[in-house]
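Everything below concerns the one structure shown next.
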Amino acid sequence: STMPPLLASIANAGRHGVLVKSAAVMESVGRTSVVAFDKTGTLTEGRPQVVDVTALGGREPSEVLALAAAVEHPSEHPLGRAIVTAAADRGLDVAAVDDFRALPGRGVTGTVGGRRVTVERTLADSTGTVVGVLVDDREIGRIELVDRLRDDAAEAVRLIGDVTSGPVLLLTGDRPSVATDVAARTGIDDVHADLLPEDKVRVVAEAGGHVLVVGDGINDAPALMAAGTGVAMGRRGADLAVQTADAIIVRDDLTAVAALIRLSRLARRYVI
Ligand code: ADP
Ligand code: MG
């Protein structure tokens, strides 16, 4: 065809299910030397399930779950949606929340029945994610959630090894115990856990070279912005991640990341 190589590769990337936002992105992504994956919603399904609810101080687990669901109701986060779903599945009465606020990389907070309710990360050492439920700063219980690895996660990491020689990183706000379990099962050995959104930016900057970041969440937006190439998960990704990214995985196929790098390299061979 007479189409310029970069435009032809943008069309090709589209066939692989990646929407590339500009020719400049298509050109530069071939320079990728480091790939960094977010964990939750990127390497994992992003559909965690509540597996355990514990209550403290004479409360009932159902009360803990109902309060958590109340404050998570407006949340876009997969953990929040899982908690809301679990409460609905159990037929619990869920109150309304006022002054809802997301605490990116940490949790959510709001007012329920005049009391401040917060659901946030804990330092529990588990391969599941454990969040604490607090009323007026006192912990009333804990909820454990488990998220399945995506079927194509290990394959996506392996294929990246074929197109780049640099390291593959895992970036997560979650606990080291959860992160190393996911990393071991996907073949990643460079794990960065306990990261706040700004910490992800720092790790990307310190990695050096052209870093491609793949993420789905509001908490990933700063890292997607700081990346040489930011790639957002389109299907269940947060709007902010999709808007901030340079390219979007519109079909639910993580192996497309390697295809994107390979297509850019091919196009550049003809440009140069
Ligand atoms: P990841 O980087 O793996 O996508 P996040 O940075 O979004 O994870 O979240 C980091 C941690 O903060 C979670 O593991 C959880 O403990 C806590 N957290 C974040 N958002 C919420 C939420 N809506 N409800 C409860 N906990 C949350
Ligand atoms: Mg995420």
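Each chain of the structure tokens is named A, B, ... in the order shown, its residues numbered from 1; ligands are numbered from 1 in display order.
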
Report task. Name the residues in contact with Leu145 (chain A) at a cut-off of 9 Å, using only C-alpha atoms, excluding same-chain residues fewer than 5 positions from it; report them as a list in words. Result -> Pro48, Gln49, Val50, Val51, Asp52, Leu79, Ala82, Ile83, Gly128, Thr129, Val130 and Val131 of chain A

Would you put the residues from that selection into a file with C-alpha atoms, as a short mmCIF file (atom, residue, chain, number, x, y, z; two decimals), in the first residue's frame?
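Output contents, as saved in result03.cif:
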data_model
loop_
_atom_site.label_atom_id
_atom_site.label_comp_id
_atom_site.auth_asym_id
_atom_site.auth_seq_id
_atom_site.Cartn_x
_atom_site.Cartn_y
_atom_site.Cartn_z
CA PRO A 48 -11.52 -9.39 43.24
CA GLN A 49 -13.92 -11.42 45.34
CA VAL A 50 -14.58 -10.98 49.03
CA VAL A 51 -13.41 -14.23 50.66
CA ASP A 52 -13.50 -13.30 54.36
CA LEU A 79 -11.87 -3.55 45.46
CA ALA A 82 -16.20 -6.18 44.93
CA ILE A 83 -17.27 -5.00 48.39
CA GLY A 128 -5.04 -11.88 49.46
CA THR A 129 -5.62 -8.14 49.84
CA VAL A 130 -6.82 -7.22 53.32
CA VAL A 131 -8.56 -3.87 53.92
#

**Report entry** Contacts with ligand 1 at most 6 Å, only C-alpha atoms and all ligand atoms counted, listed as a PyMOL selection string
**Finding:** chain A and resi 38-40+75+77+79-80+105-108+119-121+129+131+172-174+219

Can you write out the residues you just picked, keeping N, CA and C atoms, as a PDB file, in the first residue's frame?
ATOM      1  N   ASP A  38       1.292  -2.414  36.189  1.00  0.00           N
ATOM      2  CA  ASP A  38       0.503  -2.303  37.413  1.00  0.00           C
ATOM      3  C   ASP A  38      -0.026  -3.717  37.725  1.00  0.00           C
ATOM      4  N   LYS A  39      -0.385  -3.971  38.958  1.00  0.00           N
ATOM      5  CA  LYS A  39      -0.900  -5.307  39.297  1.00  0.00           C
ATOM      6  C   LYS A  39      -2.423  -5.396  39.161  1.00  0.00           C
ATOM      7  N   THR A  40      -3.116  -4.696  40.077  1.00  0.00           N
ATOM      8  CA  THR A  40      -4.568  -4.858  40.178  1.00  0.00           C
ATOM      9  C   THR A  40      -5.286  -4.321  38.936  1.00  0.00           C
ATOM     10  N   SER A  75     -17.245   4.314  44.555  1.00  0.00           N
ATOM     11  CA  SER A  75     -15.867   4.036  44.161  1.00  0.00           C
ATOM     12  C   SER A  75     -15.775   3.378  42.789  1.00  0.00           C
ATOM     13  N   HIS A  77     -12.939   1.863  42.110  1.00  0.00           N
ATOM     14  CA  HIS A  77     -11.866   0.886  42.312  1.00  0.00           C
ATOM     15  C   HIS A  77     -12.418  -0.538  42.333  1.00  0.00           C
ATOM     16  N   LEU A  79     -11.629  -3.064  44.091  1.00  0.00           N
ATOM     17  CA  LEU A  79     -11.869  -3.548  45.458  1.00  0.00           C
ATOM     18  C   LEU A  79     -13.198  -3.001  45.977  1.00  0.00           C
ATOM     19  N   GLY A  80     -13.457  -1.738  45.663  1.00  0.00           N
ATOM     20  CA  GLY A  80     -14.719  -1.110  46.071  1.00  0.00           C
ATOM     21  C   GLY A  80     -15.908  -1.798  45.437  1.00  0.00           C
ATOM     22  N   GLY A 105      -4.592   4.982  45.922  1.00  0.00           N
ATOM     23  CA  GLY A 105      -3.550   4.109  46.428  1.00  0.00           C
ATOM     24  C   GLY A 105      -3.741   3.719  47.878  1.00  0.00           C
ATOM     25  N   ARG A 106      -4.833   4.163  48.477  1.00  0.00           N
ATOM     26  CA  ARG A 106      -5.047   3.933  49.913  1.00  0.00           C
ATOM     27  C   ARG A 106      -6.411   3.376  50.248  1.00  0.00           C
ATOM     28  N   GLY A 107      -7.456   3.982  49.719  1.00  0.00           N
ATOM     29  CA  GLY A 107      -8.799   3.533  50.057  1.00  0.00           C
ATOM     30  C   GLY A 107      -9.835   4.590  49.783  1.00  0.00           C
ATOM     31  N   VAL A 108     -10.913   4.576  50.583  1.00  0.00           N
ATOM     32  CA  VAL A 108     -11.992   5.549  50.412  1.00  0.00           C
ATOM     33  C   VAL A 108     -12.477   5.990  51.788  1.00  0.00           C
ATOM     34  N   VAL A 119     -12.469   2.921  54.478  1.00  0.00           N
ATOM     35  CA  VAL A 119     -12.002   1.585  54.113  1.00  0.00           C
ATOM     36  C   VAL A 119     -10.621   1.783  53.522  1.00  0.00           C
ATOM     37  N   GLU A 120      -9.624   1.147  54.125  1.00  0.00           N
ATOM     38  CA  GLU A 120      -8.269   1.418  53.638  1.00  0.00           C
ATOM     39  C   GLU A 120      -7.347   0.225  53.801  1.00  0.00           C
ATOM     40  N   ARG A 121      -6.210   0.344  53.129  1.00  0.00           N
ATOM     41  CA  ARG A 121      -5.211  -0.716  53.112  1.00  0.00           C
ATOM     42  C   ARG A 121      -4.726  -1.010  54.530  1.00  0.00           C
ATOM     43  N   THR A 129      -5.696  -9.538  49.436  1.00  0.00           N
ATOM     44  CA  THR A 129      -5.620  -8.135  49.843  1.00  0.00           C
ATOM     45  C   THR A 129      -6.552  -7.948  51.039  1.00  0.00           C
ATOM     46  N   VAL A 131      -8.287  -5.281  53.639  1.00  0.00           N
ATOM     47  CA  VAL A 131      -8.563  -3.873  53.922  1.00  0.00           C
ATOM     48  C   VAL A 131      -9.228  -3.757  55.292  1.00  0.00           C
ATOM     49  N   THR A 172       2.918  -1.824  42.340  1.00  0.00           N
ATOM     50  CA  THR A 172       1.619  -1.950  42.995  1.00  0.00           C
ATOM     51  C   THR A 172       1.560  -1.204  44.310  1.00  0.00           C
ATOM     52  N   GLY A 173       0.391  -0.767  44.639  1.00  0.00           N
ATOM     53  CA  GLY A 173       0.138  -0.182  45.940  1.00  0.00           C
ATOM     54  C   GLY A 173      -0.152  -1.252  46.978  1.00  0.00           C
ATOM     55  N   ASP A 174      -0.269  -2.479  46.497  1.00  0.00           N
ATOM     56  CA  ASP A 174      -0.626  -3.586  47.376  1.00  0.00           C
ATOM     57  C   ASP A 174       0.600  -4.045  48.175  1.00  0.00           C
ATOM     58  N   ASN A 219      -5.056   5.678  40.134  1.00  0.00           N
ATOM     59  CA  ASN A 219      -3.755   5.723  40.822  1.00  0.00           C
ATOM     60  C   ASN A 219      -2.580   5.541  39.858  1.00  0.00           C
TER      61      ASN A 219
END

Report task. Please check which protein, DNA or RNA residues sit within 12 Å of ligand 2, counting only C-alpha atoms and all ligand atoms, and write them as an MDAnalysis selection string. Result -> chainID A and resid 37:48 76:79 104:106 147 170:174 195:197 200 213:221 223:224 232:233 236:238 241

Atoms to include: N, CA and C atoms. Write the selected residues as a tab-separated table (two decimals), in the first residue's frame.
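As a result, selection-v3.tsv now contains:
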chain	number	residue	atom	x	y	z
A	37	PHE	N	4.40	-3.10	34.69
A	37	PHE	CA	2.98	-3.44	34.80
A	37	PHE	C	2.45	-3.06	36.17
A	38	ASP	N	1.29	-2.41	36.19
A	38	ASP	CA	0.50	-2.30	37.41
A	38	ASP	C	-0.03	-3.72	37.72
A	39	LYS	N	-0.39	-3.97	38.96
A	39	LYS	CA	-0.90	-5.31	39.30
A	39	LYS	C	-2.42	-5.40	39.16
A	40	THR	N	-3.12	-4.70	40.08
A	40	THR	CA	-4.57	-4.86	40.18
A	40	THR	C	-5.29	-4.32	38.94
A	41	GLY	N	-5.98	-5.18	38.24
A	41	GLY	CA	-6.74	-4.74	37.07
A	41	GLY	C	-5.90	-4.72	35.81
A	42	THR	N	-4.60	-5.04	35.95
A	42	THR	CA	-3.72	-5.07	34.78
A	42	THR	C	-3.16	-6.49	34.61
A	43	LEU	N	-2.40	-6.98	35.60
A	43	LEU	CA	-1.95	-8.38	35.56
A	43	LEU	C	-3.03	-9.30	36.13
A	44	THR	N	-3.86	-8.75	37.01
A	44	THR	CA	-4.96	-9.55	37.55
A	44	THR	C	-6.26	-9.11	36.88
A	45	GLU	N	-7.27	-9.93	37.03
A	45	GLU	CA	-8.56	-9.67	36.38
A	45	GLU	C	-9.15	-8.33	36.79
A	46	GLY	N	-8.80	-7.87	37.98
A	46	GLY	CA	-9.41	-6.64	38.47
A	46	GLY	C	-10.83	-6.87	38.93
A	47	ARG	N	-11.17	-8.15	39.15
A	47	ARG	CA	-12.49	-8.46	39.69
A	47	ARG	C	-12.32	-9.28	40.96
A	48	PRO	N	-11.75	-8.65	42.00
A	48	PRO	CA	-11.52	-9.39	43.24
A	48	PRO	C	-12.85	-9.84	43.85
A	76	GLU	N	-14.75	3.79	42.02
A	76	GLU	CA	-14.46	3.17	40.72
A	76	GLU	C	-13.50	2.00	40.89
A	77	HIS	N	-12.94	1.86	42.11
A	77	HIS	CA	-11.87	0.89	42.31
A	77	HIS	C	-12.42	-0.54	42.33
A	78	PRO	N	-11.70	-1.50	41.71
A	78	PRO	CA	-12.18	-2.90	41.71
A	78	PRO	C	-12.45	-3.44	43.10
A	79	LEU	N	-11.63	-3.06	44.09
A	79	LEU	CA	-11.87	-3.55	45.46
A	79	LEU	C	-13.20	-3.00	45.98
A	104	PRO	N	-6.44	7.93	46.66
A	104	PRO	CA	-5.77	7.09	45.65
A	104	PRO	C	-4.61	6.29	46.23
A	105	GLY	N	-4.59	4.98	45.92
A	105	GLY	CA	-3.55	4.11	46.43
A	105	GLY	C	-3.74	3.72	47.88
A	106	ARG	N	-4.83	4.16	48.48
A	106	ARG	CA	-5.05	3.93	49.91
A	106	ARG	C	-6.41	3.38	50.25
A	147	ASP	N	-7.97	-11.75	44.09
A	147	ASP	CA	-8.14	-11.41	42.67
A	147	ASP	C	-7.45	-12.46	41.83
A	170	LEU	N	7.00	-4.94	38.20
A	170	LEU	CA	5.64	-4.94	38.70
A	170	LEU	C	5.52	-3.79	39.69
A	171	LEU	N	4.54	-2.91	39.48
A	171	LEU	CA	4.31	-1.76	40.37
A	171	LEU	C	2.95	-1.91	41.02
A	172	THR	N	2.92	-1.82	42.34
A	172	THR	CA	1.62	-1.95	43.00
A	172	THR	C	1.56	-1.20	44.31
A	173	GLY	N	0.39	-0.77	44.64
A	173	GLY	CA	0.14	-0.18	45.94
A	173	GLY	C	-0.15	-1.25	46.98
A	174	ASP	N	-0.27	-2.48	46.50
A	174	ASP	CA	-0.63	-3.59	47.38
A	174	ASP	C	0.60	-4.05	48.17
A	195	LEU	N	3.42	0.99	46.93
A	195	LEU	CA	3.66	2.27	46.25
A	195	LEU	C	2.42	3.15	46.26
A	196	LEU	N	2.60	4.39	46.59
A	196	LEU	CA	1.56	5.39	46.36
A	196	LEU	C	1.70	5.84	44.91
A	197	PRO	N	0.66	6.52	44.36
A	197	PRO	CA	0.75	6.94	42.95
A	197	PRO	C	2.04	7.70	42.64
A	200	LYS	N	5.02	5.40	42.20
A	200	LYS	CA	5.09	4.75	40.89
A	200	LYS	C	5.83	5.67	39.92
A	213	VAL	N	4.64	1.96	30.55
A	213	VAL	CA	3.86	1.61	31.74
A	213	VAL	C	2.48	1.15	31.28
A	214	VAL	N	2.02	0.02	31.84
A	214	VAL	CA	0.67	-0.47	31.57
A	214	VAL	C	-0.12	-0.39	32.87
A	215	GLY	N	-1.25	0.32	32.84
A	215	GLY	CA	-2.05	0.46	34.05
A	215	GLY	C	-3.51	0.69	33.74
A	216	ASP	N	-4.33	0.61	34.77
A	216	ASP	CA	-5.78	0.73	34.57
A	216	ASP	C	-6.44	1.75	35.49
A	217	GLY	N	-5.76	2.15	36.55
A	217	GLY	CA	-6.47	2.88	37.60
A	217	GLY	C	-6.20	4.37	37.62
A	218	ILE	N	-7.03	5.08	38.39
A	218	ILE	CA	-6.81	6.50	38.66
A	218	ILE	C	-5.42	6.65	39.28
A	219	ASN	N	-5.06	5.68	40.13
A	219	ASN	CA	-3.75	5.72	40.82
A	219	ASN	C	-2.58	5.54	39.86
A	220	ASP	N	-2.86	5.04	38.65
A	220	ASP	CA	-1.80	4.85	37.66
A	220	ASP	C	-1.61	6.06	36.77
A	221	ALA	N	-2.56	7.00	36.80
A	221	ALA	CA	-2.51	8.12	35.85
A	221	ALA	C	-1.20	8.91	35.92
A	223	ALA	N	1.79	7.86	36.74
A	223	ALA	CA	2.85	7.03	36.15
A	223	ALA	C	2.66	6.90	34.64
A	224	LEU	N	1.41	6.82	34.18
A	224	LEU	CA	1.15	6.75	32.74
A	224	LEU	C	1.62	8.04	32.07
A	232	ALA	N	-3.08	2.18	28.64
A	232	ALA	CA	-4.19	1.96	29.58
A	232	ALA	C	-5.00	0.74	29.17
A	233	MET	N	-5.51	0.04	30.17
A	233	MET	CA	-6.44	-1.05	29.93
A	233	MET	C	-7.80	-0.39	29.65
A	236	ARG	N	-11.96	-2.13	31.35
A	236	ARG	CA	-12.47	-1.79	32.67
A	236	ARG	C	-11.63	-0.70	33.31
A	237	GLY	N	-10.78	-0.06	32.51
A	237	GLY	CA	-9.90	0.97	33.05
A	237	GLY	C	-10.66	2.22	33.45
A	238	ALA	N	-10.12	2.95	34.41
A	238	ALA	CA	-10.73	4.22	34.84
A	238	ALA	C	-10.60	5.25	33.71
A	241	ALA	N	-7.29	7.11	33.48
A	241	ALA	CA	-6.17	6.34	32.93
A	241	ALA	C	-6.24	6.33	31.41

Query raised in the report: Between A:Arg138, A:Arg262, A:His210, A:Lys21, which has the minimum distance to Arg116 (chain A) (counting only C-alpha atoms)?
Result: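 Closest to Arg116 (chain A), using only C-alpha atoms: A:Arg138.
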
Requested in this report: Give me the residues within 8 Å of Leu19 (chain A) as a VMD selection string, counting only C-alpha atoms and dropping any in the same chain fewer than 5 places off.
Outcome: chain A and resid 10 13 to 14 247 to 250

Write out, as a short mmCIF file (atom, residue, chain, number, x, y, z; two decimals), in the first residue's frame, the residues just selected, with C-alpha atoms.
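And here is the file that came out, part-v4.cif:
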data_model
loop_
_atom_site.label_atom_id
_atom_site.label_comp_id
_atom_site.auth_asym_id
_atom_site.auth_seq_id
_atom_site.Cartn_x
_atom_site.Cartn_y
_atom_site.Cartn_z
CA ILE A 10 -1.32 2.35 13.72
CA ALA A 13 -2.00 -2.04 16.11
CA GLY A 14 -5.75 -1.48 15.86
CA ALA A 247 -2.34 4.04 23.77
CA ILE A 248 -5.33 2.00 24.92
CA ILE A 249 -5.80 -1.78 24.96
CA VAL A 250 -9.39 -1.81 23.71
#
